[in-house]
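Peer 1: Encoded as structure tokens, here's the structure I'll be asking about.
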Amino acid sequence: MIEIYQTMKDGIRKVDQISEGCWIALTNPSATELLEISERCHIEVDHLRAPLDEEERSRIEVEDDYTLILVDIPTFEERHNKDRYVTIPLAIITAKDVIITICLEETPVLKSFMDGRVRDFYTYKKTRFILQILYKNASVYLQYLRIIDRKSEDIEKKLHISTKNSELLELLELEKSLVYFTTSLRANEVVLEKLLRNKNIKQYQEDTELLEDVIIENKQAIEMANIYSGILTSTTEAFASIISNNLNIVMKFLATVTIVLSIPTMISSFFGMNVGGIPAGSNPHGFLIVAIVSAAITAFVAYVLAKKDLF
């Protein structure tokens, strides 16, 4: 899908034609759309296809007529009715007259620009636009990291009383997401440092300050991801032991109950033998006597086991 946006006097507007100073947003474009943009803007089609590969690495490539900036952005997908956090590539291409973004899917990183919710955003100020996208990307990382942290806290509460593996598997899934985030953020950090030294993209004083803010925000996201990853790793290991211990407690309780219930069963089996000489066998109150004795012994054994904290 191709969408074209341009800053007007009354804000950002969606337009039909490519013109100087516009922003071309490609979302999961078809081969035909890629060829069209390649011919119109004189960009190699391989560079336009690059962000459509989920395994593409973050980098900067400088050509004669344009510069390609490829970074990883956070997103989530539904898996087994649960949100799974991953990263996908986003390409930003600065050509002579336009700026182009290419991504596999709609993302909140770009959506806020399309909706005009970003202050001081102009499609013709390409350098500032790039930095604003990168700053928004780091902010979305931080937002998703806080969501992951809250989810891990909710799962921990369930794990206190759980003997199942489902919550533990959820923690492992979140831990995997943090690994993706940490790897992508570190790759983005390299891109930002190269961007700081890149002379092909014009930088003004206020843009340099914004780039430094982006680098700081990205470093903060890396630190948060590392902290949460460390916490999740130790929590997962601890609760794996807790689940095993909970299972042992349940087994101990069941074994104790089995011992207590085996006493009246054993006594009843003795007195139920069809042989002569059974005590109280001819007594009309024999059943009551056996029941009372059985109950008394069972109660005594249960009391002893309870005193030893075996229940």
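Naming works like this for the structure tokens: A, B, ... for the chains as they're shown, residue 1 at the start of each chain, ligands 1 onward in shown order.
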Could you tell me, as a PyMOL selection string, which residues of segment 40-169 of chain A DSSP assigns to alpha helix (DSSP H) when given the backbone?

Peer 2: chain A and resi 40-41+45-49+108-114+126-159+166-169

Peer 1: I'd like the neighbourhood of segment 216-232 of chain A as a PyMOL selection string, where a residue qualifies if any of its atoms comes within 10 Å (using only C-alpha atoms), though same-chain residues fewer than 2 positions away should be ignored.

Peer 2: chain A and resi 134-146+148-149+152-153+156+171-172+174-186+188-189+192+210-214+234-238

Peer 1: So which bits of segment 50-202 of chain A end up strand (DSSP E or B) when you DSSP the backbone, as a PyMOL selection string?

Peer 2: chain A and resi 59-62+67-79+82-94+99-103

Peer 1: Would you list the contacts of segment 38-41 of chain A as a list of chain:residue names, taking every protein, DNA or RNA residue within 12 Å and counting only C-alpha atoms, but skipping same-chain residues closer than 6 positions in sequence?

Peer 2: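 Residues near the query, excluding close chain neighbours: A:Gln17, A:Ile18, A:Ser19, A:Glu20, A:Cys22, A:Trp23, A:Ile24, A:Leu26, A:Ala31, A:Thr32, A:His47, A:Leu48, A:Arg49, A:Asp65, A:Tyr66, A:Ile93, A:Thr94, A:Ala95, A:Lys96, A:Asp97, A:Val98, A:Ile99, A:Ile100.
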
Peer 1: Determine, counting only C-alpha atoms, which protein, DNA and RNA residues have an atom within 12 Å of an atom of Glu209 of chain A; residues of the same chain fewer than 6 positions away are not included. Present the result as a PyMOL selection string.

Peer 2: chain A and resi 128+131-132+135+196+203+215-216

Peer 1: Could you save the residues just selected, with N, CA and C atoms, as a short mmCIF file (atom, residue, chain, number, x, y, z; two decimals), in the first residue's frame?

Peer 2:
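The result, written out as part-v7.cif:
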```
data_model
loop_
_atom_site.label_atom_id
_atom_site.label_comp_id
_atom_site.auth_asym_id
_atom_site.auth_seq_id
_atom_site.Cartn_x
_atom_site.Cartn_y
_atom_site.Cartn_z
N ARG A 128 15.14 16.36 10.36
CA ARG A 128 14.36 16.38 11.61
C ARG A 128 13.33 15.26 11.62
N LEU A 131 14.99 11.98 12.59
CA LEU A 131 15.30 11.95 14.02
C LEU A 131 14.04 11.80 14.86
N GLN A 132 12.96 12.43 14.42
CA GLN A 132 11.69 12.29 15.14
C GLN A 132 11.17 10.85 15.07
N TYR A 135 13.32 8.87 17.43
CA TYR A 135 12.97 9.17 18.83
C TYR A 135 11.66 8.48 19.21
N LEU A 196 25.30 10.02 13.60
CA LEU A 196 25.88 11.21 14.24
C LEU A 196 27.11 11.68 13.47
N GLN A 203 22.76 18.30 9.01
CA GLN A 203 22.39 18.40 10.42
C GLN A 203 22.59 19.84 10.88
N ILE A 215 19.75 9.15 21.05
CA ILE A 215 20.77 8.20 21.53
C ILE A 215 20.57 7.92 23.02
N ILE A 216 20.28 8.96 23.79
CA ILE A 216 20.05 8.79 25.23
C ILE A 216 18.81 7.92 25.49
#
```

Peer 1: Here is a test: counting only C-alpha atoms, which residue of A:Lys308, A:Lys126, A:Lys14, A:Lys82 is nearest to Thr256 of chain A?

Peer 2: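 Looking only at the distances to Thr256 of chain A, the closest residue turns out to be A:Lys308.
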